[in-house]
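Engineer: Below is the file entry23.pdb, which contains PDB, C-alpha atoms.
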```pdb
ATOM      1  CA  MET A 227     -22.428  12.813 -36.287
ATOM      2  CA  LEU A 228     -24.817  11.652 -33.585
ATOM      3  CA  ARG A 229     -23.544  12.053 -30.054
ATOM      4  CA  ALA A 230     -24.039   9.311 -27.476
ATOM      5  CA  MET A 231     -26.561  10.137 -24.775
ATOM      6  CA  LEU A 232     -24.964  10.906 -21.403
ATOM      7  CA  THR A 233     -26.954   9.262 -18.618
ATOM      8  CA  GLY A 234     -26.331   8.747 -14.932
ATOM      9  CA  ARG A 235     -27.312   9.361 -11.343
ATOM     10  CA  SER A 236     -25.667  11.214  -8.461
ATOM     11  CA  ASP A 237     -26.500  12.775  -5.109
ATOM     12  CA  VAL A 238     -26.001  16.252  -6.553
ATOM     13  CA  LEU A 239     -25.995  17.546 -10.117
ATOM     14  CA  ILE A 240     -24.440  20.967 -10.712
ATOM     15  CA  VAL A 241     -25.231  22.839 -13.901
ATOM     16  CA  GLY A 242     -22.274  25.099 -14.674
ATOM     17  CA  ALA A 243     -18.586  24.663 -13.790
ATOM     18  CA  GLY A 244     -17.737  28.326 -13.294
ATOM     19  CA  PRO A 245     -16.514  29.660  -9.923
ATOM     20  CA  ALA A 246     -19.866  29.172  -8.151
ATOM     21  CA  GLY A 247     -20.410  25.663  -9.475
ATOM     22  CA  ALA A 248     -16.796  24.644  -8.904
ATOM     23  CA  ALA A 249     -16.831  25.899  -5.309
ATOM     24  CA  ALA A 250     -20.137  24.185  -4.508
ATOM     25  CA  GLY A 251     -18.982  20.958  -6.088
ATOM     26  CA  THR A 252     -15.673  20.963  -4.229
ATOM     27  CA  PHE A 253     -17.170  21.405  -0.781
ATOM     28  CA  LEU A 254     -20.068  18.995  -1.368
ATOM     29  CA  ALA A 255     -17.715  16.286  -2.616
ATOM     30  CA  ARG A 256     -15.529  16.771   0.455
ATOM     31  CA  MET A 257     -18.623  16.032   2.554
ATOM     32  CA  GLY A 258     -18.776  12.609   0.930
ATOM     33  CA  LEU A 259     -21.558  13.244  -1.567
ATOM     34  CA  ALA A 260     -21.476  11.866  -5.103
ATOM     35  CA  VAL A 261     -21.384  15.018  -7.247
ATOM     36  CA  ALA A 262     -21.630  15.375 -11.014
ATOM     37  CA  CYS A 263     -21.225  18.638 -12.927
ATOM     38  CA  VAL A 264     -22.079  19.492 -16.519
ATOM     39  CA  ASP A 265     -21.002  22.532 -18.514
ATOM     40  CA  ARG A 266     -21.731  23.369 -22.126
ATOM     41  CA  ALA A 267     -18.194  24.744 -22.589
ATOM     42  CA  ARG A 268     -14.875  22.935 -22.683
ATOM     43  CA  PHE A 269     -12.109  24.141 -20.414
ATOM     44  CA  PRO A 270     -10.024  26.192 -20.495
ATOM     45  CA  ARG A 271     -12.592  28.688 -21.723
ATOM     46  CA  ASP A 272     -12.561  32.469 -21.510
ATOM     47  CA  LYS A 273     -15.318  34.724 -20.204
ATOM     48  CA  THR A 274     -15.900  38.433 -20.702
ATOM     49  CA  CYS A 275     -15.392  39.861 -17.240
ATOM     50  CA  GLY A 276     -13.495  42.473 -15.241
ATOM     51  CA  ASP A 277     -11.371  39.616 -13.834
ATOM     52  CA  ALA A 278     -11.724  41.030 -10.303
ATOM     53  CA  VAL A 279     -11.712  38.642  -7.340
ATOM     54  CA  SER A 280     -12.729  40.048  -3.958
ATOM     55  CA  SER A 281     -10.937  39.250  -0.706
ATOM     56  CA  ALA A 282     -13.831  36.929   0.167
ATOM     57  CA  GLY A 283     -13.406  35.208  -3.188
ATOM     58  CA  LEU A 284      -9.700  34.736  -2.509
ATOM     59  CA  GLU A 285     -10.540  33.068   0.806
ATOM     60  CA  ILE A 286     -12.923  30.658  -0.886
ATOM     61  CA  ALA A 287     -10.357  29.827  -3.568
ATOM     62  CA  ALA A 288      -7.755  29.169  -0.875
ATOM     63  CA  ALA A 289     -10.185  26.879   0.956
ATOM     64  CA  MET A 290     -10.598  24.978  -2.323
ATOM     65  CA  GLY A 291      -6.828  24.547  -2.467
ATOM     66  CA  ALA A 292      -6.488  26.884  -5.447
ATOM     67  CA  GLU A 293      -3.195  28.763  -5.243
ATOM     68  CA  LEU A 294      -3.956  31.857  -7.303
ATOM     69  CA  SER A 295      -0.387  33.098  -6.831
ATOM     70  CA  GLN A 296       0.673  30.564  -9.461
ATOM     71  CA  LEU A 297      -1.529  32.315 -12.058
ATOM     72  CA  PRO A 298      -0.991  35.670 -13.810
ATOM     73  CA  HIS A 299      -2.443  38.161 -11.353
ATOM     74  CA  ALA A 300      -2.248  41.613  -9.814
ATOM     75  CA  THR A 301      -2.992  42.592  -6.234
ATOM     76  CA  VAL A 302      -5.667  45.274  -5.808
ATOM     77  CA  ARG A 303      -5.264  47.318  -2.614
ATOM     78  CA  ALA A 304      -7.644  50.154  -3.481
ATOM     79  CA  ALA A 305     -10.198  51.323  -6.045
ATOM     80  CA  ALA A 306     -10.528  54.822  -7.481
ATOM     81  CA  ALA A 307     -13.632  56.297  -9.094
ATOM     82  CA  ILE A 308     -12.503  58.919 -11.616
ATOM     83  CA  LEU A 309     -15.230  61.397 -12.504
ATOM     84  CA  PRO A 310     -15.502  63.392 -15.759
ATOM     85  CA  ASP A 311     -14.035  66.500 -14.080
ATOM     86  CA  GLY A 312     -10.966  64.507 -13.022
ATOM     87  CA  GLU A 313     -11.865  64.152  -9.353
ATOM     88  CA  ARG A 314     -10.668  60.865  -7.802
ATOM     89  CA  ILE A 315     -12.603  59.141  -5.034
ATOM     90  CA  VAL A 316     -10.449  56.382  -3.551
ATOM     91  CA  ARG A 317     -11.429  53.484  -1.312
ATOM     92  CA  HIS A 318      -8.628  51.490   0.320
ATOM     93  CA  TYR A 319      -9.128  47.831   1.167
ATOM     94  CA  GLY A 320      -6.702  47.778   4.086
ATOM     95  CA  ALA A 321      -5.724  44.314   5.247
ATOM     96  CA  HIS A 322      -8.110  42.619   2.807
ATOM     97  CA  PRO A 323      -6.897  43.272  -0.763
ATOM     98  CA  GLY A 324      -8.459  41.692  -3.794
ATOM     99  CA  ALA A 325      -6.857  40.515  -7.011
ATOM    100  CA  ILE A 326      -7.169  40.607 -10.769
ATOM    101  CA  VAL A 327      -6.930  37.153 -12.325
ATOM    102  CA  PRO A 328      -7.795  36.387 -15.983
ATOM    103  CA  ARG A 329     -10.922  34.247 -16.072
ATOM    104  CA  LEU A 330      -9.323  31.939 -18.639
ATOM    105  CA  ALA A 331      -6.821  30.872 -15.963
ATOM    106  CA  LEU A 332      -8.951  31.315 -12.834
ATOM    107  CA  ASP A 333     -11.927  29.226 -13.925
ATOM    108  CA  ASP A 334      -9.709  26.436 -15.224
ATOM    109  CA  LEU A 335      -7.809  26.212 -11.929
ATOM    110  CA  LEU A 336     -11.044  26.112  -9.901
ATOM    111  CA  ARG A 337     -12.358  23.454 -12.261
ATOM    112  CA  GLN A 338      -9.233  21.382 -11.620
ATOM    113  CA  ARG A 339      -9.656  21.686  -7.846
ATOM    114  CA  MET A 340     -13.292  20.614  -8.147
ATOM    115  CA  GLN A 341     -12.311  17.491 -10.036
ATOM    116  CA  ALA A 342      -9.480  16.792  -7.601
ATOM    117  CA  ALA A 343     -12.095  16.788  -4.825
ATOM    118  CA  GLY A 344     -13.889  13.944  -6.600
ATOM    119  CA  VAL A 345     -16.508  15.689  -8.727
ATOM    120  CA  THR A 346     -17.216  14.082 -12.093
ATOM    121  CA  LEU A 347     -17.225  16.813 -14.749
ATOM    122  CA  HIS A 348     -18.830  16.404 -18.165
ATOM    123  CA  GLU A 349     -17.742  19.158 -20.548
ATOM    124  CA  GLY A 350     -19.468  20.174 -23.770
ATOM    125  CA  VAL A 351     -22.858  19.083 -22.395
ATOM    126  CA  ALA A 352     -25.800  21.473 -22.659
ATOM    127  CA  VAL A 353     -28.801  21.450 -20.325
ATOM    128  CA  ARG A 354     -32.192  22.450 -21.694
ATOM    129  CA  THR A 355     -34.601  21.406 -18.932
ATOM    130  CA  LEU A 356     -34.528  20.654 -15.215
ATOM    131  CA  LEU A 357     -36.640  17.708 -14.106
ATOM    132  CA  ARG A 358     -39.049  18.394 -11.270
ATOM    133  CA  ASP A 359     -40.785  16.180  -8.746
ATOM    134  CA  GLY A 360     -43.166  18.345  -6.739
ATOM    135  CA  ASP A 361     -41.096  21.027  -5.031
ATOM    136  CA  HIS A 362     -37.799  19.290  -5.791
ATOM    137  CA  PHE A 363     -35.581  19.285  -8.869
ATOM    138  CA  VAL A 364     -34.384  15.754  -9.449
ATOM    139  CA  GLY A 365     -32.459  15.837 -12.692
ATOM    140  CA  ALA A 366     -31.757  17.509 -15.989
ATOM    141  CA  GLU A 367     -32.149  16.827 -19.686
ATOM    142  CA  GLY A 368     -30.474  18.189 -22.778
ATOM    143  CA  PRO A 369     -29.880  17.258 -26.406
ATOM    144  CA  ALA A 370     -27.414  14.591 -25.243
ATOM    145  CA  LEU A 371     -28.166  14.396 -21.518
ATOM    146  CA  ARG A 372     -30.489  12.534 -19.174
ATOM    147  CA  TRP A 373     -29.344  12.743 -15.565
ATOM    148  CA  GLN A 374     -31.029  12.055 -12.234
ATOM    149  CA  ALA A 375     -30.019  13.444  -8.854
ATOM    150  CA  ARG A 376     -31.334  14.007  -5.345
ATOM    151  CA  VAL A 377     -30.556  17.718  -5.648
ATOM    152  CA  VAL A 378     -29.841  19.981  -8.639
ATOM    153  CA  LEU A 379     -27.862  23.219  -8.296
ATOM    154  CA  ALA A 380     -28.178  25.678 -11.178
ATOM    155  CA  ALA A 381     -24.924  27.665 -11.359
ATOM    156  CA  ASP A 382     -25.179  28.608 -15.010
ATOM    157  CA  GLY A 383     -25.379  32.390 -14.765
ATOM    158  CA  PRO A 384     -28.055  35.080 -15.182
ATOM    159  CA  GLY A 385     -29.900  33.309 -18.010
ATOM    160  CA  SER A 386     -30.074  30.080 -16.014
ATOM    161  CA  VAL A 387     -32.256  27.151 -17.005
ATOM    162  CA  ALA A 388     -33.689  27.489 -13.497
ATOM    163  CA  TRP A 389     -35.918  30.413 -14.555
ATOM    164  CA  ALA A 390     -38.058  28.280 -16.843
ATOM    165  CA  ALA A 391     -37.947  25.348 -14.422
ATOM    166  CA  LEU A 392     -39.390  27.599 -11.711
ATOM    167  CA  GLY A 393     -42.087  28.845 -14.085
ATOM    168  CA  ARG A 394     -40.679  32.366 -14.032
ATOM    169  CA  GLU A 395     -39.744  34.633 -16.911
ATOM    170  CA  TYR A 396     -36.159  35.867 -17.034
ATOM    171  CA  PRO A 397     -36.311  39.551 -15.935
ATOM    172  CA  ARG A 398     -34.909  41.417 -18.913
ATOM    173  CA  GLY A 399     -34.198  45.113 -18.494
ATOM    174  CA  ALA A 400     -35.345  47.883 -20.795
ATOM    175  CA  GLN A 401     -31.760  48.498 -21.892
ATOM    176  CA  LEU A 402     -29.079  46.199 -23.265
ATOM    177  CA  GLY A 403     -25.726  46.169 -21.487
ATOM    178  CA  VAL A 404     -22.592  45.181 -23.383
ATOM    179  CA  ALA A 405     -19.278  44.275 -21.764
ATOM    180  CA  ALA A 406     -15.857  44.076 -23.397
ATOM    181  CA  THR A 407     -12.490  42.945 -22.073
ATOM    182  CA  VAL A 408      -9.206  44.049 -23.635
ATOM    183  CA  TYR A 409      -5.680  43.204 -22.452
ATOM    184  CA  LEU A 410      -3.198  45.995 -23.156
ATOM    185  CA  ARG A 411       0.576  46.149 -22.922
ATOM    186  CA  ASN A 412       2.264  49.092 -21.168
ATOM    187  CA  ALA A 413      -1.022  50.392 -19.735
ATOM    188  CA  GLN A 414      -1.210  50.803 -15.991
ATOM    189  CA  PRO A 415      -3.095  52.816 -13.364
ATOM    190  CA  GLN A 416      -1.617  56.021 -11.996
ATOM    191  CA  GLU A 417      -0.974  54.278  -8.678
ATOM    192  CA  PRO A 418       0.272  50.672  -8.412
ATOM    193  CA  GLY A 419      -2.299  48.351  -6.884
ATOM    194  CA  VAL A 420      -5.219  50.705  -7.542
ATOM    195  CA  SER A 421      -8.035  49.758  -9.904
ATOM    196  CA  GLU A 422      -9.312  52.828 -11.736
ATOM    197  CA  HIS A 423     -12.975  53.160 -12.686
ATOM    198  CA  TYR A 424     -13.553  55.867 -15.289
ATOM    199  CA  PHE A 425     -16.976  57.483 -15.525
ATOM    200  CA  GLU A 426     -17.055  59.443 -18.796
ATOM    201  CA  ARG A 427     -19.739  61.580 -20.421
ATOM    202  CA  ASP A 428     -19.061  59.702 -23.656
ATOM    203  CA  LEU A 429     -20.208  56.516 -21.928
ATOM    204  CA  PRO A 430     -23.792  57.236 -20.836
ATOM    205  CA  CYS A 431     -24.844  54.802 -18.122
ATOM    206  CA  GLY A 432     -21.478  53.100 -18.436
ATOM    207  CA  TYR A 433     -17.896  53.157 -17.299
ATOM    208  CA  GLY A 434     -14.499  51.637 -17.974
ATOM    209  CA  TRP A 435     -12.052  49.877 -15.640
ATOM    210  CA  LEU A 436      -8.268  49.891 -15.781
ATOM    211  CA  PHE A 437      -6.549  47.322 -13.556
TER     212      PHE A 437
END
```
Just dump the structure as structure tokens.
Structural biologist:
Amino acid sequence: MLRAMLTGRSDVLIVGAGPAGAAAGTFLARMGLAVACVDRARFPRDKTCGDAVSSAGLEIAAAMGAELSQLPHATVRAAAAILPDGERIVRHYGAHPGAIVPRLALDDLLRQRMQAAGVTLHEGVAVRTLLRDGDHFVGAEGPALRWQARVVLAADGPGSVAWAALGREYPRGAQLGVAATVYLRNAQPQEPGVSEHYFERDLPCGYGWLF
């Protein structure tokens, strides 16, 4: 089935509706700008992540009007690095705790707040190329997209379409890193409110988190 071409124009086009794109869109729309956002996924969508939100991130979410207390979450008041010999190195966050919030719920709530601020979101739309006019990016194209804007913000992660648009090669490392997220029942840190980071000899150059 052929998909209809999505076309339009806005003051700002944001590529990616994750936390960064949703936050930018929310605040720009509140300033009175016409903002459009495209994301190749459809929400709610999950993302492999540690689910950690810093105290600064919590402040931004609150400023967006996102009440994270209504989502499944855990407060993180300290972090412990657990070394192979069992030694624990603990850092306490004091009056500025963070939180653990599943990305499936967090990103969808931020997306809702972005739309509530007046941003037009187009889901399931992939971007392949950013359109350039001199030193400015003025739009984007994809298999089913042709969009023009005064400003384009690329918030689509490490492998962003912005690399090619800037004429730069994505800096790939010599090693491949793999992340995995697992939700377990009846598994908890030794101390409530402490995220535990295990550094094991069986995980060369890697570690595991338990929140």
Engineer: May I have the residues within 7 Å of A:Ile240 as a list in words, using only C-alpha atoms and disregarding those fewer than 6 positions away in the same chain?
Structural biologist: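 What passes the distance filter is Gly247, Ala262, Cys263, Val264, Val378, Leu379, Ala380 and Ala381 of chain A.
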Engineer: For A:Leu297, which residue out of A:Glu349, A:Asp334, A:Glu422, A:Asp428 is the nearest one, using all atoms listed in the file?
Structural biologist: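 The shortest atom-to-atom distance to A:Leu297 comes from A:Asp334.
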Engineer: Record the distance separating atom CA of A:Gly276 and atom CA of A:Trp435, expressed in Å with one decimal.
Structural biologist: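 Taking atom CA of A:Gly276 as the start and atom CA of A:Trp435 as the end point, the length is 7.6 Å.
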Engineer: Smallest atom-to-atom distance to A:Leu259: which of A:Arg235, A:His362, A:Lys273, A:Arg314, using all atoms listed in the file?
Structural biologist: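 For A:Leu259, the nearest of the candidates is A:Arg235.
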Engineer: Can you tell me which residues surround stretch 265-269 of chain A at a distance of at most 12 Å, considering only C-alpha atoms, apart from same-chain residues fewer than 5 positions away, and format the answer as a ChimeraX atom specification?
Structural biologist: /A:239-244,247-248,329-338,346-354,368-371,380-383
Engineer: Taking the file above as input, evaluate the PyMOL selection byres ((chain A and resi 258) around 12) and report the hits as a PyMOL selection string.
Structural biologist: chain A and resi 236-238+251-257+259-261+343-345
Engineer: Quick one: everything within 12 Å of A:Val404, counting all atoms listed in the file, minus sequence neighbours fewer than 4 positions away in the same chain. Send it as a ChimeraX atom specification.
Structural biologist: /A:274-275,429,431-434
Engineer: Could you work out how far atom CA of A:Met231 lies from atom CA of A:Arg339, giving the answer in Å with one decimal?
Structural biologist: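 Rounded to one decimal, the two atoms are 26.6 Å apart.
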Engineer: What does the distance from atom CA of A:Glu417 to atom CA of A:Glu293 come to in Å, to one decimal?
Structural biologist: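 The value is 25.8 Å.
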Engineer: For each of A:Val377, A:Ala250, A:Ala278, A:Leu309, take the minimum atom-to-atom distance to A:Ala325, counting only C-alpha atoms, then give the residue where this is smallest.
Structural biologist: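 When distances to A:Ala325 are compared using only C-alpha atoms, the smallest one comes from A:Ala278.
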Engineer: I need the residue nearest A:Pro415 from this list: A:Ala249, A:Ala306, A:Val364, A:Ala388. Use all atoms listed in the file for the distance.
Structural biologist: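 For A:Pro415, the nearest of the candidates is A:Ala306.
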Engineer: With the file shown as input, list the residues that the PyMOL selection byres ((chain A and resi 418) around 10) selects, as a count of residues only.
Structural biologist: 13
Engineer: Can you sort out stretch 336-347 of chain A so it carries all heavy atoms, written as a PDB file, in the frame of the given file?
Structural biologist:
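Output (part_33.pdb):
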```
ATOM      1  N   LEU A 336      -9.966  26.522 -10.804  1.00  0.00           N
ATOM      2  CA  LEU A 336     -11.044  26.112  -9.901  1.00  0.00           C
ATOM      3  C   LEU A 336     -11.693  24.825 -10.383  1.00  0.00           C
ATOM      4  O   LEU A 336     -12.072  23.965  -9.580  1.00  0.00           O
ATOM      5  CB  LEU A 336     -12.083  27.228  -9.789  1.00  0.00           C
ATOM      6  CG  LEU A 336     -11.584  28.555  -9.217  1.00  0.00           C
ATOM      7  CD1 LEU A 336     -12.747  29.544  -9.106  1.00  0.00           C
ATOM      8  CD2 LEU A 336     -10.917  28.363  -7.870  1.00  0.00           C
ATOM      9  N   ARG A 337     -11.814  24.694 -11.694  1.00  0.00           N
ATOM     10  CA  ARG A 337     -12.358  23.454 -12.261  1.00  0.00           C
ATOM     11  C   ARG A 337     -11.463  22.268 -11.909  1.00  0.00           C
ATOM     12  O   ARG A 337     -11.944  21.187 -11.536  1.00  0.00           O
ATOM     13  CB  ARG A 337     -12.480  23.624 -13.776  1.00  0.00           C
ATOM     14  CG  ARG A 337     -13.067  22.442 -14.533  1.00  0.00           C
ATOM     15  CD  ARG A 337     -12.046  21.422 -14.979  1.00  0.00           C
ATOM     16  NE  ARG A 337     -10.949  22.001 -15.718  1.00  0.00           N
ATOM     17  CZ  ARG A 337      -9.860  21.326 -16.051  1.00  0.00           C
ATOM     18  NH1 ARG A 337      -9.723  20.055 -15.690  1.00  0.00           N
ATOM     19  NH2 ARG A 337      -8.879  21.906 -16.720  1.00  0.00           N
ATOM     20  N   GLN A 338     -10.165  22.457 -11.972  1.00  0.00           N
ATOM     21  CA  GLN A 338      -9.233  21.382 -11.620  1.00  0.00           C
ATOM     22  C   GLN A 338      -9.365  20.991 -10.156  1.00  0.00           C
ATOM     23  O   GLN A 338      -9.347  19.802  -9.804  1.00  0.00           O
ATOM     24  CB  GLN A 338      -7.803  21.831 -11.901  1.00  0.00           C
ATOM     25  CG  GLN A 338      -7.473  22.030 -13.369  1.00  0.00           C
ATOM     26  CD  GLN A 338      -6.089  22.591 -13.567  1.00  0.00           C
ATOM     27  OE1 GLN A 338      -5.166  22.340 -12.787  1.00  0.00           O
ATOM     28  NE2 GLN A 338      -5.911  23.389 -14.612  1.00  0.00           N
ATOM     29  N   ARG A 339      -9.521  21.990  -9.275  1.00  0.00           N
ATOM     30  CA  ARG A 339      -9.656  21.686  -7.846  1.00  0.00           C
ATOM     31  C   ARG A 339     -10.960  20.952  -7.579  1.00  0.00           C
ATOM     32  O   ARG A 339     -11.029  20.072  -6.710  1.00  0.00           O
ATOM     33  CB  ARG A 339      -9.592  22.978  -7.017  1.00  0.00           C
ATOM     34  CG  ARG A 339      -8.308  23.769  -7.160  1.00  0.00           C
ATOM     35  CD  ARG A 339      -7.076  22.898  -7.104  1.00  0.00           C
ATOM     36  NE  ARG A 339      -7.049  22.064  -5.910  1.00  0.00           N
ATOM     37  CZ  ARG A 339      -6.369  20.931  -5.808  1.00  0.00           C
ATOM     38  NH1 ARG A 339      -5.697  20.463  -6.853  1.00  0.00           N
ATOM     39  NH2 ARG A 339      -6.376  20.246  -4.686  1.00  0.00           N
ATOM     40  N   MET A 340     -12.018  21.301  -8.299  1.00  0.00           N
ATOM     41  CA  MET A 340     -13.292  20.614  -8.147  1.00  0.00           C
ATOM     42  C   MET A 340     -13.138  19.139  -8.512  1.00  0.00           C
ATOM     43  O   MET A 340     -13.600  18.251  -7.783  1.00  0.00           O
ATOM     44  CB  MET A 340     -14.359  21.268  -9.025  1.00  0.00           C
ATOM     45  CG  MET A 340     -15.701  20.544  -9.019  1.00  0.00           C
ATOM     46  SD  MET A 340     -16.938  21.304 -10.107  1.00  0.00           S
ATOM     47  CE  MET A 340     -16.241  20.899 -11.726  1.00  0.00           C
ATOM     48  N   GLN A 341     -12.498  18.870  -9.621  1.00  0.00           N
ATOM     49  CA  GLN A 341     -12.311  17.491 -10.036  1.00  0.00           C
ATOM     50  C   GLN A 341     -11.398  16.738  -9.076  1.00  0.00           C
ATOM     51  O   GLN A 341     -11.609  15.548  -8.812  1.00  0.00           O
ATOM     52  CB  GLN A 341     -11.761  17.445 -11.461  1.00  0.00           C
ATOM     53  CG  GLN A 341     -12.779  17.870 -12.511  1.00  0.00           C
ATOM     54  CD  GLN A 341     -12.247  17.743 -13.926  1.00  0.00           C
ATOM     55  OE1 GLN A 341     -11.579  18.645 -14.421  1.00  0.00           O
ATOM     56  NE2 GLN A 341     -12.530  16.624 -14.563  1.00  0.00           N
ATOM     57  N   ALA A 342     -10.386  17.435  -8.552  1.00  0.00           N
ATOM     58  CA  ALA A 342      -9.480  16.792  -7.601  1.00  0.00           C
ATOM     59  C   ALA A 342     -10.215  16.387  -6.327  1.00  0.00           C
ATOM     60  O   ALA A 342      -9.821  15.434  -5.641  1.00  0.00           O
ATOM     61  CB  ALA A 342      -8.321  17.731  -7.269  1.00  0.00           C
ATOM     62  N   ALA A 343     -11.306  17.113  -6.009  1.00  0.00           N
ATOM     63  CA  ALA A 343     -12.095  16.788  -4.825  1.00  0.00           C
ATOM     64  C   ALA A 343     -12.995  15.581  -5.053  1.00  0.00           C
ATOM     65  O   ALA A 343     -13.602  15.066  -4.109  1.00  0.00           O
ATOM     66  CB  ALA A 343     -12.941  17.992  -4.416  1.00  0.00           C
ATOM     67  N   GLY A 344     -13.102  15.131  -6.304  1.00  0.00           N
ATOM     68  CA  GLY A 344     -13.889  13.944  -6.600  1.00  0.00           C
ATOM     69  C   GLY A 344     -15.139  14.166  -7.424  1.00  0.00           C
ATOM     70  O   GLY A 344     -15.918  13.235  -7.636  1.00  0.00           O
ATOM     71  N   VAL A 345     -15.336  15.402  -7.901  1.00  0.00           N
ATOM     72  CA  VAL A 345     -16.508  15.689  -8.727  1.00  0.00           C
ATOM     73  C   VAL A 345     -16.283  15.172 -10.147  1.00  0.00           C
ATOM     74  O   VAL A 345     -15.206  15.376 -10.726  1.00  0.00           O
ATOM     75  CB  VAL A 345     -16.795  17.198  -8.764  1.00  0.00           C
ATOM     76  CG1 VAL A 345     -17.973  17.502  -9.699  1.00  0.00           C
ATOM     77  CG2 VAL A 345     -17.077  17.711  -7.358  1.00  0.00           C
ATOM     78  N   THR A 346     -17.283  14.533 -10.707  1.00  0.00           N
ATOM     79  CA  THR A 346     -17.216  14.082 -12.093  1.00  0.00           C
ATOM     80  C   THR A 346     -17.728  15.197 -12.993  1.00  0.00           C
ATOM     81  O   THR A 346     -18.888  15.609 -12.879  1.00  0.00           O
ATOM     82  CB  THR A 346     -18.076  12.821 -12.302  1.00  0.00           C
ATOM     83  OG1 THR A 346     -17.607  11.783 -11.436  1.00  0.00           O
ATOM     84  CG2 THR A 346     -17.999  12.347 -13.746  1.00  0.00           C
ATOM     85  N   LEU A 347     -16.864  15.709 -13.864  1.00  0.00           N
ATOM     86  CA  LEU A 347     -17.225  16.813 -14.749  1.00  0.00           C
ATOM     87  C   LEU A 347     -17.433  16.301 -16.164  1.00  0.00           C
ATOM     88  O   LEU A 347     -16.593  15.572 -16.698  1.00  0.00           O
ATOM     89  CB  LEU A 347     -16.129  17.885 -14.748  1.00  0.00           C
ATOM     90  CG  LEU A 347     -16.301  19.028 -15.744  1.00  0.00           C
ATOM     91  CD1 LEU A 347     -17.560  19.827 -15.445  1.00  0.00           C
ATOM     92  CD2 LEU A 347     -15.072  19.933 -15.745  1.00  0.00           C
TER      93      LEU A 347
END
```
